[in-house]
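**Student:** If it helps, the file is called my_file-v6.pdb and holds PDB, C-alpha atoms:
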```
ATOM      1  CA  ASP A  30     122.324 133.480-105.666
ATOM      2  CA  LEU A  31     122.763 134.432-102.028
ATOM      3  CA  ILE A  32     126.076 134.222-100.194
ATOM      4  CA  THR A  33     126.665 135.299 -96.607
ATOM      5  CA  THR A  34     130.024 136.658 -95.536
ATOM      6  CA  ASP A  35     129.888 134.499 -92.373
ATOM      7  CA  GLY A  36     131.312 131.673 -94.485
ATOM      8  CA  PHE A  37     134.508 133.690 -94.772
ATOM      9  CA  LEU A  38     135.171 133.513 -91.062
ATOM     10  CA  PRO A  39     138.056 131.159 -90.270
ATOM     11  CA  ARG A  40     137.155 127.860 -88.629
ATOM     12  CA  TYR A  41     136.223 127.955 -84.934
ATOM     13  CA  LEU A  42     139.510 126.421 -83.770
ATOM     14  CA  ALA A  43     141.548 128.953 -85.755
ATOM     15  CA  LEU A  44     139.614 131.834 -84.193
ATOM     16  CA  LYS A  45     140.066 130.312 -80.758
ATOM     17  CA  GLU A  46     143.822 129.871 -81.296
ATOM     18  CA  ARG A  47     144.091 133.514 -82.397
ATOM     19  CA  GLY A  48     142.151 134.599 -79.305
ATOM     20  CA  VAL A  49     139.443 136.406 -81.272
ATOM     21  CA  MET A  50     136.317 134.415 -80.378
ATOM     22  CA  LYS A  51     134.846 137.466 -78.615
ATOM     23  CA  LYS A  52     135.660 139.439 -81.770
ATOM     24  CA  LYS A  53     133.869 137.020 -84.103
ATOM     25  CA  GLY A  54     132.145 139.199 -86.684
ATOM     26  CA  PHE A  55     134.585 142.088 -86.183
ATOM     27  CA  PRO A  56     136.781 143.000 -89.190
ATOM     28  CA  GLU A  57     139.850 141.228 -87.811
ATOM     29  CA  SER A  58     137.993 137.908 -87.591
ATOM     30  CA  TYR A  59     137.291 137.535 -91.334
ATOM     31  CA  ASP A  60     139.445 136.061 -94.070
ATOM     32  CA  MET A  61     139.023 139.204 -96.159
ATOM     33  CA  HIS A  62     141.588 138.149 -98.742
ATOM     34  CA  ARG A  63     139.522 135.042 -99.510
ATOM     35  CA  LEU A  64     136.270 137.023 -99.596
ATOM     36  CA  VAL A  65     137.740 139.657-101.922
ATOM     37  CA  LYS A  66     139.129 136.915-104.186
ATOM     38  CA  PHE A  67     135.684 135.269-104.302
ATOM     39  CA  VAL A  68     133.964 138.506-105.355
ATOM     40  CA  SER A  69     136.783 139.443-107.741
ATOM     41  CA  ASP A  70     136.610 136.046-109.447
ATOM     42  CA  LEU A  71     132.849 136.412-109.918
ATOM     43  CA  LYS A  72     133.178 139.913-111.370
ATOM     44  CA  SER A  73     135.978 138.692-113.653
ATOM     45  CA  GLY A  74     133.728 136.013-115.144
ATOM     46  CA  VAL A  75     135.283 132.901-113.611
ATOM     47  CA  PRO A  76     132.678 130.225-114.495
ATOM     48  CA  ASN A  77     132.423 128.454-111.124
ATOM     49  CA  VAL A  78     133.455 130.080-107.875
ATOM     50  CA  THR A  79     133.089 128.410-104.486
ATOM     51  CA  ALA A  80     132.188 130.025-101.187
ATOM     52  CA  PRO A  81     132.420 128.432 -97.758
ATOM     53  CA  VAL A  82     129.124 127.992 -95.911
ATOM     54  CA  TYR A  83     128.619 128.892 -92.252
ATOM     55  CA  SER A  84     126.300 127.059 -89.872
ATOM     56  CA  HIS A  85     124.780 128.931 -86.941
ATOM     57  CA  LEU A  86     123.886 125.558 -85.425
ATOM     58  CA  ILE A  87     127.507 124.445 -85.043
ATOM     59  CA  TYR A  88     128.798 128.053 -84.875
ATOM     60  CA  ASP A  89     131.404 127.246 -87.501
ATOM     61  CA  VAL A  90     132.117 126.949 -91.200
ATOM     62  CA  ILE A  91     130.806 123.614 -92.502
ATOM     63  CA  PRO A  92     133.734 121.369 -93.461
ATOM     64  CA  GLU A  93     133.446 120.355 -97.122
ATOM     65  CA  GLY A  94     130.258 122.425 -97.321
ATOM     66  CA  ASP A  95     131.261 124.895-100.021
ATOM     67  CA  LYS A  96     128.598 126.355-102.294
ATOM     68  CA  THR A  97     129.393 126.776-105.987
ATOM     69  CA  VAL A  98     128.240 129.961-107.670
ATOM     70  CA  ALA A  99     128.111 129.808-111.469
ATOM     71  CA  GLN A 100     128.046 133.278-113.035
ATOM     72  CA  PRO A 101     124.789 134.497-111.494
ATOM     73  CA  ASP A 102     122.870 137.389-113.043
ATOM     74  CA  ILE A 103     122.476 138.782-109.532
ATOM     75  CA  LEU A 104     124.437 137.892-106.420
ATOM     76  CA  ILE A 105     123.173 139.044-103.047
ATOM     77  CA  LEU A 106     126.139 139.250-100.705
ATOM     78  CA  GLU A 107     124.820 139.534 -97.163
ATOM     79  CA  GLY A 108     127.069 140.537 -94.314
ATOM     80  CA  LEU A 109     128.196 143.138 -91.845
ATOM     81  CA  ASN A 110     131.463 143.798 -93.641
ATOM     82  CA  VAL A 111     130.361 144.346 -97.250
ATOM     83  CA  LEU A 112     130.646 148.149 -97.040
ATOM     84  CA  GLN A 113     133.929 148.277 -95.151
ATOM     85  CA  SER A 114     137.012 149.907 -96.624
ATOM     86  CA  GLY A 115     140.714 150.370 -95.855
ATOM     87  CA  MET A 116     140.107 152.495 -92.786
ATOM     88  CA  ASP A 117     138.234 149.545 -91.242
ATOM     89  CA  TYR A 118     141.270 147.239 -91.519
ATOM     90  CA  PRO A 119     144.286 149.007 -89.987
ATOM     91  CA  HIS A 120     145.564 145.591 -88.803
ATOM     92  CA  ASP A 121     145.662 144.285 -92.407
ATOM     93  CA  PRO A 122     146.553 147.010 -94.903
ATOM     94  CA  HIS A 123     145.274 145.538 -98.172
ATOM     95  CA  HIS A 124     144.058 147.813-100.920
ATOM     96  CA  VAL A 125     141.100 146.046-102.546
ATOM     97  CA  PHE A 126     137.817 145.590-100.700
ATOM     98  CA  VAL A 127     134.489 143.876-101.233
ATOM     99  CA  SER A 128     132.864 147.303-101.546
ATOM    100  CA  ASP A 129     135.006 147.938-104.648
ATOM    101  CA  PHE A 130     133.020 145.221-106.470
ATOM    102  CA  VAL A 131     129.506 146.050-105.263
ATOM    103  CA  ASP A 132     127.159 147.577-107.850
ATOM    104  CA  PHE A 133     124.369 148.451-105.424
ATOM    105  CA  SER A 134     124.307 148.192-101.639
ATOM    106  CA  ILE A 135     121.520 148.261 -99.086
ATOM    107  CA  TYR A 136     122.063 149.034 -95.411
ATOM    108  CA  VAL A 137     119.201 147.815 -93.226
ATOM    109  CA  ASP A 138     119.024 150.199 -90.284
ATOM    110  CA  ALA A 139     117.051 150.400 -87.052
ATOM    111  CA  PRO A 140     117.352 152.283 -83.767
ATOM    112  CA  GLU A 141     119.847 150.682 -81.370
ATOM    113  CA  GLU A 142     117.174 149.966 -78.752
ATOM    114  CA  LEU A 143     115.220 147.927 -81.302
ATOM    115  CA  LEU A 144     118.323 146.048 -82.398
ATOM    116  CA  GLN A 145     119.002 145.064 -78.792
ATOM    117  CA  THR A 146     115.380 144.031 -78.215
ATOM    118  CA  TRP A 147     115.366 141.962 -81.420
ATOM    119  CA  TYR A 148     118.664 140.325 -80.438
ATOM    120  CA  ILE A 149     117.340 139.332 -77.005
ATOM    121  CA  ASN A 150     114.029 138.082 -78.458
ATOM    122  CA  ARG A 151     115.882 136.029 -81.079
ATOM    123  CA  PHE A 152     118.118 134.576 -78.356
ATOM    124  CA  LEU A 153     115.017 133.553 -76.373
ATOM    125  CA  LYS A 154     113.470 131.908 -79.461
ATOM    126  CA  PHE A 155     116.696 130.021 -80.156
ATOM    127  CA  ARG A 156     116.800 128.955 -76.477
ATOM    128  CA  GLU A 157     113.484 127.164 -77.033
ATOM    129  CA  GLY A 158     114.317 125.950 -80.540
ATOM    130  CA  ALA A 159     117.760 125.536 -82.106
ATOM    131  CA  PHE A 160     119.613 125.611 -78.771
ATOM    132  CA  THR A 161     117.719 122.491 -77.640
ATOM    133  CA  ASP A 162     119.516 120.472 -80.335
ATOM    134  CA  PRO A 163     122.340 118.572 -78.577
ATOM    135  CA  ASP A 164     124.572 119.288 -81.604
ATOM    136  CA  SER A 165     124.089 123.032 -81.207
ATOM    137  CA  TYR A 166     127.157 124.956 -80.103
ATOM    138  CA  PHE A 167     124.835 126.928 -77.813
ATOM    139  CA  HIS A 168     123.067 123.890 -76.317
ATOM    140  CA  ASN A 169     124.043 124.935 -72.779
ATOM    141  CA  TYR A 170     121.914 128.095 -73.154
ATOM    142  CA  ALA A 171     118.763 125.958 -73.508
ATOM    143  CA  LYS A 172     119.089 125.081 -69.812
ATOM    144  CA  LEU A 173     118.958 128.704 -68.633
ATOM    145  CA  SER A 174     115.873 130.132 -66.975
ATOM    146  CA  LYS A 175     114.164 132.918 -68.908
ATOM    147  CA  GLU A 176     115.674 135.546 -66.598
ATOM    148  CA  GLU A 177     119.165 134.035 -66.960
ATOM    149  CA  ALA A 178     118.708 133.878 -70.730
ATOM    150  CA  VAL A 179     117.651 137.544 -70.927
ATOM    151  CA  ASN A 180     120.631 138.573 -68.780
ATOM    152  CA  THR A 181     123.016 136.442 -70.868
ATOM    153  CA  ALA A 182     121.675 137.841 -74.136
ATOM    154  CA  ALA A 183     121.867 141.423 -72.825
ATOM    155  CA  SER A 184     125.452 140.838 -71.744
ATOM    156  CA  LEU A 185     126.429 139.316 -75.107
ATOM    157  CA  TRP A 186     124.756 142.229 -76.867
ATOM    158  CA  LYS A 187     126.646 144.820 -74.841
ATOM    159  CA  GLU A 188     130.071 143.117 -74.809
ATOM    160  CA  ILE A 189     130.158 141.966 -78.435
ATOM    161  CA  ASN A 190     127.340 142.987 -80.769
ATOM    162  CA  TRP A 191     126.816 146.574 -79.584
ATOM    163  CA  LEU A 192     130.572 147.157 -79.635
ATOM    164  CA  ASN A 193     130.821 145.815 -83.196
ATOM    165  CA  LEU A 194     127.819 147.916 -84.219
ATOM    166  CA  LYS A 195     129.391 151.119 -82.859
ATOM    167  CA  GLN A 196     132.965 150.503 -83.986
ATOM    168  CA  ASN A 197     132.554 148.741 -87.318
ATOM    169  CA  ILE A 198     129.012 148.625 -88.681
ATOM    170  CA  LEU A 199     127.414 152.050 -88.130
ATOM    171  CA  PRO A 200     130.414 153.876 -89.644
ATOM    172  CA  THR A 201     129.690 152.108 -92.963
ATOM    173  CA  ARG A 202     126.018 153.133 -93.139
ATOM    174  CA  GLU A 203     126.518 156.271 -95.233
ATOM    175  CA  ARG A 204     128.514 154.291 -97.818
ATOM    176  CA  ALA A 205     125.373 152.374 -98.846
ATOM    177  CA  SER A 206     123.485 153.100-102.060
ATOM    178  CA  LEU A 207     120.221 152.779-100.137
ATOM    179  CA  ILE A 208     119.499 152.990 -96.405
ATOM    180  CA  MET A 209     116.313 151.219 -95.346
ATOM    181  CA  THR A 210     115.160 151.972 -91.790
ATOM    182  CA  LYS A 211     112.890 149.501 -90.032
ATOM    183  CA  SER A 212     110.399 150.171 -87.241
ATOM    184  CA  ALA A 213     109.442 148.122 -84.184
ATOM    185  CA  ASN A 214     107.312 145.637 -86.150
ATOM    186  CA  HIS A 215     110.075 145.214 -88.790
ATOM    187  CA  ALA A 216     108.102 147.292 -91.291
ATOM    188  CA  VAL A 217     110.102 149.622 -93.518
ATOM    189  CA  GLU A 218     109.724 153.085 -92.030
ATOM    190  CA  GLN A 219     112.039 155.098 -94.262
ATOM    191  CA  VAL A 220     114.068 154.619 -97.437
ATOM    192  CA  ARG A 221     116.937 156.914 -98.398
ATOM    193  CA  LEU A 222     118.509 156.527-101.832
ATOM    194  CA  ARG A 223     121.895 158.102-102.432
ATOM    195  CA  LYS A 224     122.144 160.052-105.684
TER
END
```
As structure tokens, how would this structure be written, given the file I've shared?
**Tutor:**
Amino acid sequence: DLITTDGFLPRYLALKERGVMKKKGFPESYDMHRLVKFVSDLKSGVPNVTAPVYSHLIYDVIPEGDKTVAQPDILILEGLNVLQSGMDYPHDPHHVFVSDFVDFSIYVDAPEELLQTWYINRFLKFREGAFTDPDSYFHNYAKLSKEEAVNTAASLWKEINWLNLKQNILPTRERASLIMTKSANHAVEQVRLRK
């Protein structure tokens, strides 16, 4: 099974009320207690465990959209916060973390310049695809010119994603069991396995 940690973000309105929309994806925006309970229940052998599901189209957790996980042989838990520990949560001093339950972890790495380029290119593709859907949270971006879209994406990268990368994601890299570095064409360039 595959579960993404995005489902463990609080609902959009809750994030907005807390004033952390520009910190969505940062440690303080997740319901870490719920995520840790989910992983703990799975490791403890609870037969059916549910995880909330996130939609990038509506930019929110899907109401009543939980996914049930029934004692999988392998669970891939994908997310920016899987390798975080106590030092990453000074605002919420709990003592058990997702990383405590992970048997093997992979950190997919790439140079920052590539990450920014990929982010902008993905934004441009979404502008012509998913953003054109009137139900998309980002529908207003579909109306931007290409130059406006590039500038908007670059600004979002710098103000939110790059900041999160520097403050919260890169510091977890060396905690991974395996670091896989990608090159410009997304090919794996280097693999480092921790002994």
**Student:** Expanded to explicit residues, what is the PyMOL selection byres ((chain A and resi 165) around 12) for this file, as a VMD selection string?
**Tutor:** chain A and resid 84 to 89 155 to 156 158 to 164 166 to 171
**Student:** With distances taken over all atoms listed in the file, which of A:Thr201, A:Ala99, A:Leu222, A:Asp35 is nearest to A:Val75?
**Tutor:**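 Residue with the minimum atom-to-atom distance to A:Val75: A:Ala99.
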**Student:** Do you know which residues lie at most 12 Å from (115.3, 142.7, -78.5), with coordinates as in the file and all atoms listed in the file counted, and could you write them as a list in words?
**Tutor:**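 Every polymer residue passing the test: Ala139, Pro140, Glu141, Glu142, Leu143, Leu144, Gln145, Thr146, Trp147, Tyr148, Ile149, Asn150, Arg151, Phe152, Leu153, Lys154, Val179, Asn180, Ala182, Ala183, Trp186, Ala213, Asn214 and His215 of chain A.
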**Student:** Could you tell me which of A:Leu64, A:Val111, A:Ile32, A:Ile103 comes closest to A:Tyr83 if we count only C-alpha atoms?
**Tutor:** A:Ile32
**Student:** Translate the PyMOL selection byres ((chain A and resi 71) around 12), as applied to the file shown, into an explicit residue set as a ChimeraX atom specification.
**Tutor:** /A:30,64-70,72-80,97-104,106,127,130-131
**Student:** Rounded to one decimal place, report the atom CA of A:Tyr41-atom CA of A:Ser128 distance in Å.
**Tutor:**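 So the two atoms, atom CA of A:Tyr41 and atom CA of A:Ser128, lie 25.7 Å apart.
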**Student:** Suppose you want the space between atom CA of A:Leu31 and atom CA of A:Glu107; what is it in Å?
**Tutor:**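 We find that atom CA of A:Leu31 and atom CA of A:Glu107 lie 7.3 Å from each other.
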**Student:** Just how far from atom CA of A:Asn110 is atom CA of A:Lys224, in Å to one decimal?
**Tutor:**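 Value for the atom CA of A:Lys224-atom CA of A:Asn110 distance: 22.3 Å.
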**Student:** Nearest residue to A:Asp132 out of A:Leu112, A:Leu173, A:Arg202, A:Glu218, using all atoms listed in the file?
**Tutor:** A:Leu112
**Student:** When you look at A:Ile208 with a cut-off of 9 Å (counting only C-alpha atoms), what residues show up, excluding the ones that are within fewer than 3 positions of it in the same chain? I need them as a ChimeraX atom specification.
**Tutor:** /A:134-138,202-203,205,219-223
